[in-house]
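Novice: For reference, this is start.cif, and it has mmCIF, C-alpha atoms (C1' of nucleotides).
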```cif
data_structure
loop_
_atom_site.label_atom_id
_atom_site.label_comp_id
_atom_site.auth_asym_id
_atom_site.auth_seq_id
_atom_site.Cartn_x
_atom_site.Cartn_y
_atom_site.Cartn_z
CA MET A 1 -34.11 15.15 84.04
CA THR A 2 -30.47 14.53 83.44
CA THR A 3 -29.58 13.25 80.05
CA ALA A 4 -26.05 14.46 80.52
CA HIS A 5 -23.73 12.77 78.09
CA LEU A 6 -21.49 15.72 77.40
CA ASP A 7 -18.02 14.94 76.15
CA HIS A 8 -14.92 17.12 76.42
CA ASP A 9 -16.08 19.33 73.55
CA GLY A 10 -19.36 20.10 75.24
CA ARG A 11 -21.26 18.00 72.73
CA GLU A 12 -23.91 15.51 73.59
CA ASN A 13 -23.09 11.87 73.05
CA PRO A 14 -25.77 9.26 72.67
CA PRO A 15 -26.29 7.05 75.73
CA GLY A 16 -23.91 4.12 75.87
CA ASP A 17 -26.68 1.69 75.05
CA TRP A 18 -27.96 3.62 72.05
CA PRO A 19 -28.58 1.29 69.07
CA THR A 20 -25.75 1.05 66.57
CA THR A 21 -27.23 -1.25 63.96
CA GLU A 22 -30.55 -1.37 62.17
CA ALA A 23 -31.33 -4.68 63.81
CA GLU A 24 -30.84 -3.19 67.27
CA ALA A 25 -32.96 -0.17 66.39
CA LEU A 26 -35.77 -2.37 65.11
CA ALA A 27 -35.65 -4.36 68.34
CA VAL A 28 -35.94 -1.16 70.38
CA GLN A 29 -38.96 -0.03 68.34
CA ASP A 30 -40.50 -3.42 68.84
CA GLU A 31 -40.04 -3.19 72.58
CA LEU A 32 -41.18 0.41 73.05
CA ARG A 33 -44.13 0.66 70.70
CA GLY A 34 -46.35 -1.13 73.19
CA ARG A 35 -45.92 1.80 75.56
CA VAL A 36 -47.59 4.35 73.31
CA VAL A 37 -50.75 5.73 74.91
CA THR A 38 -53.53 6.29 72.40
CA ASP A 39 -56.59 6.49 74.66
CA GLU A 40 -56.09 10.05 75.87
CA ALA A 41 -57.61 13.00 74.02
CA GLY A 42 -54.76 15.19 75.19
CA PRO A 43 -54.74 18.92 75.87
CA PRO A 44 -57.91 20.68 74.67
CA PRO A 45 -57.26 22.86 71.62
CA GLY A 46 -57.91 26.53 72.31
CA GLU A 47 -57.09 26.46 75.99
CA PRO A 48 -53.89 27.89 77.48
CA LEU A 49 -51.01 25.66 76.50
CA VAL A 50 -47.26 25.69 76.19
CA ALA A 51 -46.55 24.10 72.82
CA VAL A 52 -42.95 23.11 72.18
CA GLY A 53 -41.50 22.65 68.71
CA VAL A 54 -38.42 20.48 68.26
CA ASP A 55 -36.20 20.14 65.23
CA VAL A 56 -32.61 19.32 64.31
CA ALA A 57 -30.05 20.37 61.70
CA TYR A 58 -27.05 18.33 60.59
CA ASP A 59 -23.51 18.69 59.47
CA ASP A 60 -22.63 15.11 58.57
CA GLU A 61 -19.15 16.16 57.45
CA ARG A 62 -18.32 17.31 60.94
CA ASP A 63 -20.49 14.66 62.58
CA VAL A 64 -22.49 17.38 64.29
CA VAL A 65 -26.19 17.66 64.99
CA ALA A 66 -27.85 20.70 66.55
CA ALA A 67 -31.27 20.45 68.17
CA ALA A 68 -33.67 23.17 69.21
CA ALA A 69 -36.69 23.19 71.51
CA VAL A 70 -38.82 26.32 71.32
CA ALA A 71 -41.71 26.86 73.71
CA LEU A 72 -44.61 28.98 72.47
CA ASP A 73 -47.75 30.31 74.06
CA ALA A 74 -50.21 28.38 71.91
CA GLN A 75 -52.77 31.18 72.02
CA THR A 76 -50.57 34.10 71.02
CA LEU A 77 -47.78 32.09 69.31
CA ASP A 78 -45.31 34.20 71.26
CA VAL A 79 -41.99 32.56 72.16
CA VAL A 80 -41.87 31.73 75.86
CA GLU A 81 -38.47 30.05 76.01
CA GLU A 82 -35.89 28.47 73.73
CA ALA A 83 -33.13 25.94 74.26
CA THR A 84 -30.55 24.19 72.10
CA ALA A 85 -28.10 21.31 72.32
CA VAL A 86 -25.28 20.16 70.09
CA GLY A 87 -24.27 16.55 69.73
CA ARG A 88 -22.70 13.87 67.63
CA VAL A 89 -24.75 12.21 64.92
CA ALA A 90 -26.15 9.15 66.67
CA PHE A 91 -27.38 7.12 63.71
CA PRO A 92 -27.44 7.26 59.91
CA TYR A 93 -30.59 8.33 58.13
CA VAL A 94 -32.68 5.26 57.43
CA PRO A 95 -36.35 5.72 56.48
CA GLY A 96 -38.33 4.33 59.40
CA LEU A 97 -35.47 4.82 61.86
CA LEU A 98 -35.31 8.61 61.91
CA ALA A 99 -35.87 8.76 65.65
CA PHE A 100 -32.52 7.15 66.36
CA ARG A 101 -30.80 9.95 64.53
CA GLU A 102 -32.58 12.83 66.21
CA ILE A 103 -33.75 11.85 69.66
CA PRO A 104 -30.62 12.01 71.84
CA THR A 105 -29.90 15.63 71.01
CA VAL A 106 -33.58 16.58 71.04
CA LEU A 107 -33.86 15.17 74.57
CA ALA A 108 -30.88 17.26 75.63
CA ALA A 109 -32.50 20.42 74.27
CA LEU A 110 -35.82 19.58 75.94
CA ASP A 111 -34.02 19.05 79.23
CA ARG A 112 -32.76 22.59 79.08
CA LEU A 113 -36.23 24.10 79.01
CA THR A 114 -37.48 25.26 82.38
CA VAL A 115 -41.13 25.33 81.32
CA THR A 116 -43.11 22.10 81.21
CA PRO A 117 -44.32 21.34 77.68
CA GLY A 118 -48.07 20.80 77.42
CA LEU A 119 -47.59 19.46 73.90
CA VAL A 120 -44.52 18.65 71.82
CA VAL A 121 -44.73 19.10 68.06
CA CYS A 122 -42.25 17.02 66.06
CA ASP A 123 -41.03 17.44 62.52
CA GLY A 124 -42.00 14.05 61.09
CA TYR A 125 -44.39 11.26 61.96
CA GLY A 126 -45.84 9.53 64.99
CA LEU A 127 -48.01 6.50 64.39
CA ALA A 128 -47.89 7.06 60.63
CA HIS A 129 -44.91 4.78 60.37
CA PRO A 130 -44.17 1.33 58.92
CA ARG A 131 -44.23 -0.15 62.43
CA ARG A 132 -46.47 2.51 63.98
CA PHE A 133 -43.61 4.00 65.98
CA GLY A 134 -42.24 7.10 64.34
CA LEU A 135 -40.26 9.93 65.89
CA ALA A 136 -43.16 11.63 67.66
CA ALA A 137 -44.39 8.39 69.24
CA HIS A 138 -40.86 7.46 70.29
CA LEU A 139 -40.19 10.86 71.83
CA GLY A 140 -43.53 10.71 73.62
CA VAL A 141 -42.77 7.34 75.17
CA LEU A 142 -39.33 8.45 76.33
CA THR A 143 -40.54 11.72 77.86
CA GLY A 144 -44.09 10.85 78.86
CA LEU A 145 -45.22 14.09 77.22
CA PRO A 146 -48.14 14.50 74.81
CA THR A 147 -46.64 14.56 71.30
CA ILE A 148 -47.79 14.91 67.72
CA GLY A 149 -46.01 14.70 64.39
CA VAL A 150 -46.40 17.18 61.56
CA ALA A 151 -44.61 16.20 58.36
CA LYS A 152 -44.14 18.00 55.07
CA ASN A 153 -44.69 15.02 52.79
CA PRO A 154 -46.72 11.80 52.86
CA PHE A 155 -43.76 9.43 53.19
CA THR A 156 -44.93 6.08 51.83
CA PHE A 157 -48.59 6.65 52.55
CA THR A 158 -51.47 7.56 50.28
CA TYR A 159 -54.16 10.20 50.52
CA ALA A 160 -56.84 11.91 48.54
CA PRO A 161 -56.20 15.65 48.28
CA PRO A 162 -58.14 17.48 51.00
CA GLY A 163 -60.49 20.33 50.06
CA PRO A 164 -58.87 23.62 49.05
CA ARG A 165 -59.61 25.60 52.20
CA ARG A 166 -57.73 26.01 55.46
CA GLY A 167 -58.91 23.33 57.87
CA ASP A 168 -59.88 20.80 55.19
CA THR A 169 -58.60 17.29 55.84
CA SER A 170 -58.43 13.84 54.31
CA ALA A 171 -57.28 10.49 55.58
CA LEU A 172 -53.63 9.51 55.37
CA LEU A 173 -53.75 5.83 54.59
CA ASP A 174 -51.53 2.80 54.95
CA GLY A 175 -53.60 0.45 52.84
CA ASP A 176 -57.07 0.90 54.31
CA GLU A 177 -55.89 2.00 57.75
CA GLU A 178 -56.00 5.68 58.67
CA VAL A 179 -52.61 6.45 60.19
CA GLY A 180 -52.90 10.22 60.11
CA ARG A 181 -54.43 13.07 58.18
CA ALA A 182 -53.55 15.41 55.37
CA LEU A 183 -54.38 18.86 56.71
CA ARG A 184 -54.68 22.02 54.64
CA THR A 185 -53.41 24.76 56.93
CA GLN A 186 -53.73 27.66 54.47
CA ASP A 187 -56.14 28.21 51.59
CA GLY A 188 -54.81 26.78 48.36
CA VAL A 189 -51.50 25.70 49.87
CA LYS A 190 -50.34 22.09 49.85
CA PRO A 191 -51.27 20.17 52.97
CA VAL A 192 -49.16 18.99 55.90
CA PHE A 193 -49.40 15.47 57.29
CA VAL A 194 -50.44 15.09 60.89
CA SER A 195 -50.23 11.99 63.01
CA VAL A 196 -50.61 11.07 66.65
CA GLY A 197 -47.49 10.67 68.73
CA HIS A 198 -48.39 9.91 72.34
CA ARG A 199 -51.31 10.82 74.62
CA VAL A 200 -53.16 12.91 72.00
CA SER A 201 -56.09 11.96 69.77
CA LEU A 202 -55.91 12.46 66.02
CA ASP A 203 -58.70 15.06 66.14
CA HIS A 204 -56.87 17.06 68.78
CA ALA A 205 -53.56 16.66 66.96
CA CYS A 206 -55.08 18.18 63.82
CA ALA A 207 -56.79 20.96 65.76
CA HIS A 208 -53.53 21.92 67.46
CA ALA A 209 -51.59 21.77 64.21
CA LEU A 210 -54.13 24.03 62.55
CA ARG A 211 -54.10 26.59 65.34
CA LEU A 212 -50.31 26.62 65.42
CA ALA A 213 -50.22 27.11 61.65
CA ARG A 214 -52.13 30.36 61.95
CA ASP A 215 -50.01 32.38 59.54
CA PHE A 216 -48.07 29.88 57.44
CA ARG A 217 -48.27 26.38 56.05
CA LEU A 218 -46.15 24.91 58.86
CA PRO A 219 -46.91 25.25 62.57
CA GLU A 220 -45.12 28.16 64.20
CA THR A 221 -43.51 25.67 66.58
CA THR A 222 -41.82 23.91 63.68
CA ARG A 223 -40.76 27.16 62.04
CA ALA A 224 -39.27 28.51 65.25
CA ALA A 225 -37.42 25.29 66.05
CA ASP A 226 -36.14 24.95 62.50
CA SER A 227 -34.81 28.47 62.51
CA LEU A 228 -33.16 28.09 65.90
CA CYS A 229 -31.43 24.77 65.26
CA ARG A 230 -29.95 26.11 62.04
CA ARG A 231 -28.55 29.08 63.90
CA ALA A 232 -27.22 26.77 66.58
CA LEU A 233 -25.53 24.58 63.98
CA SER A 234 -23.88 27.48 62.23
CA GLY A 235 -22.66 28.72 65.60
CA VAL A 236 -20.71 25.51 66.27
CA GLY A 237 -17.02 26.24 66.29
CA GLU A 238 -17.58 29.98 66.45
CA PRO A 239 -16.09 31.94 69.35
CA GLY A 240 -18.53 32.19 72.24
CA ARG A 241 -20.36 29.26 73.72
CA SER A 242 -20.27 25.57 73.03
CA THR A 243 -23.85 24.50 73.61
CA GLY A 244 -26.01 27.48 72.94
CA VAL A 245 -27.18 28.18 76.48
"C1'" DG B 1 -34.95 -7.79 41.32
"C1'" DC B 2 -35.60 -2.49 41.35
"C1'" DG B 3 -37.30 1.67 43.16
"C1'" DA B 4 -39.46 4.62 46.99
"C1'" DC B 5 -38.77 6.31 51.25
"C1'" DA B 6 -40.23 11.34 57.58
"C1'" DG B 7 -35.47 14.29 58.21
"C1'" DA C 1 -31.62 16.96 55.79
"C1'" DT C 2 -28.36 19.73 52.49
"C1'" DC C 3 -26.37 21.94 48.06
"C1'" DT C 4 -27.84 27.03 45.93
"C1'" DT C 5 -29.33 32.54 42.14
"C1'" DG C 6 -32.48 35.09 41.14
"C1'" DT C 7 -36.97 36.69 41.63
"C1'" DC C 8 -41.72 37.93 42.99
"C1'" DG C 9 -44.23 40.25 46.65
"C1'" DC C 10 -45.59 42.49 51.14
#
```
Let's see the structure in the file written out as structure tokens.
Specialist:
Amino acid sequence: MTTAHLDHDGRENPPGDWPTTEAEALAVQDELRGRVVTDEAGPPPGEPLVAVGVDVAYDDERDVVAAAAVALDAQTLDVVEEATAVGRVAFPYVPGLLAFREIPTVLAALDRLTVTPGLVVCDGYGLAHPRRFGLAAHLGVLTGLPTIGVAKNPFTFTYAPPGPRRGDTSALLDGDEEVGRALRTQDGVKPVFVSVGHRVSLDHACAHALRLARDFRLPETTRAADSLCRRALSGVGEPGRSTGV
DNA sequence: GCGACAG
DNA sequence: ATCTTGTCGC
């Protein structure tokens, strides 16, 4: 729907009530985390699915953030549609509060897709989070869409190295609680870290991540979104368009 | 008290 | 995230 907060430069502004301080952000997480749905298995891996990757790139000097949403056919990994949005940086980077930095512009990019995402793949964590409400969970609650998080490092969590082959997994632990999984997506390549966001089970989240990472360590959704948001960021201020559409 | 710490 | 040369390999 409409998340229109465009200013005179065609850039997205955060909503007026977007948190400004860490205390406010923590309060929002505290309020929203109860809305995460964890009792749905989510879309079955292997069946037709539009998987959307989202990612952002920053230029803190210019106070600019560019977001991309790229929709792929999960079976062929072909790009179905792409969208971008450019905004102002909504929040500083604080470990545990990443969502407040990325979400406003990501929502704007998602709004510009005409296809309905069957699954959204985030760059970061979902329930693997100090308060069990990372970016993927937050985005899931705000959109209602099934979401998962795929991160490149274990953050503050611990894990035993998974086996050496593609598809091998091990538990990602916060103390003795499994908050996600280390997943080896290519033989002999370091694992990625998968966690549930919203309306997807951990098993399904790992299965989707593995299928999407058919050719490389990272899911194709993440690679496509990363590439697109960087292009969108470098296009800011260049003659042509202002928002990428 | 001092680090570590998704992107 | 971002700053960055060369280099190895398909």
Novice: Which residue, A:Gly16, A:Pro92, A:Gly197, A:Pro146, has the smallest gap to DG7 (chain B) when you use all atoms listed in the file?
Specialist: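 Result for the nearest residue to DG7 (chain B): A:Pro92.
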Novice: Once you count all atoms listed in the file, which residues of chain A turn out to be within 10 Å of chain C? Could you give them as a ChimeraX atom specification?
Specialist: /A:56-60,93
Novice: Applying the PyMOL selection byres ((chain B) within 10 of (chain A)) to the file I just gave you, which residues come out? Please list them as a list in words.
Specialist: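 Answer for the PyMOL selection byres ((chain B) within 10 of (chain A)): DA4, DC5, DA6 and DG7 of chain B.
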Novice: To one decimal in Å, tell me the separation between CA of Arg211 (chain A) and CA of Ser195 (chain A).
Specialist: 15.3 Å
Novice: Set the distance at 9 Å and use all atoms listed in the file: which residues neighbour Gly167 (chain A) once local chain neighbours fewer than 6 positions away are removed? I'd like the list as a VMD selection string.
Specialist: chain A and resid 183 to 187 206 to 207 210
Novice: What is the distance between CA of Ala171 (chain A) and CA of Pro45 (chain A), in Å to one decimal?
Specialist: 20.3 Å
Novice: Hey, can you check how far CA of Gly10 (chain A) sits from CA of Thr147 (chain A)?
Specialist: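 So the answer is 28.1 Å.
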Novice: Using only C-alpha atoms, can you tell me which of A:Thr21, A:Asn13, A:Ser201, A:Gln29 comes closest to Val86 (chain A)?
Specialist: A:Asn13
Novice: Go through A:Lys190, A:Arg199, A:Arg231, A:Arg217 one by one, measure the shortest atom-to-atom distance of each to Val141 (chain A) using only C-alpha atoms, and give the residue with the smallest value.
Specialist: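 Answer, going by the shortest atom-to-atom distance: A:Arg199.
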Novice: Do you know which residues are at most 8 Å from Ala205 (chain A) counting all atoms listed in the file, after dropping those on the same chain fewer than 4 positions away, and could you put them as a PyMOL selection string?
Specialist: chain A and resi 148+194-196+200-201+209
Novice: In terms of the shortest atom-to-atom distance over all atoms listed in the file, which of A:Pro104, A:Phe133, A:Asp78, A:Arg230 is closest to Glu31 (chain A)?
Specialist: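 Using all atoms listed in the file, Glu31 (chain A) sits closest to A:Phe133.
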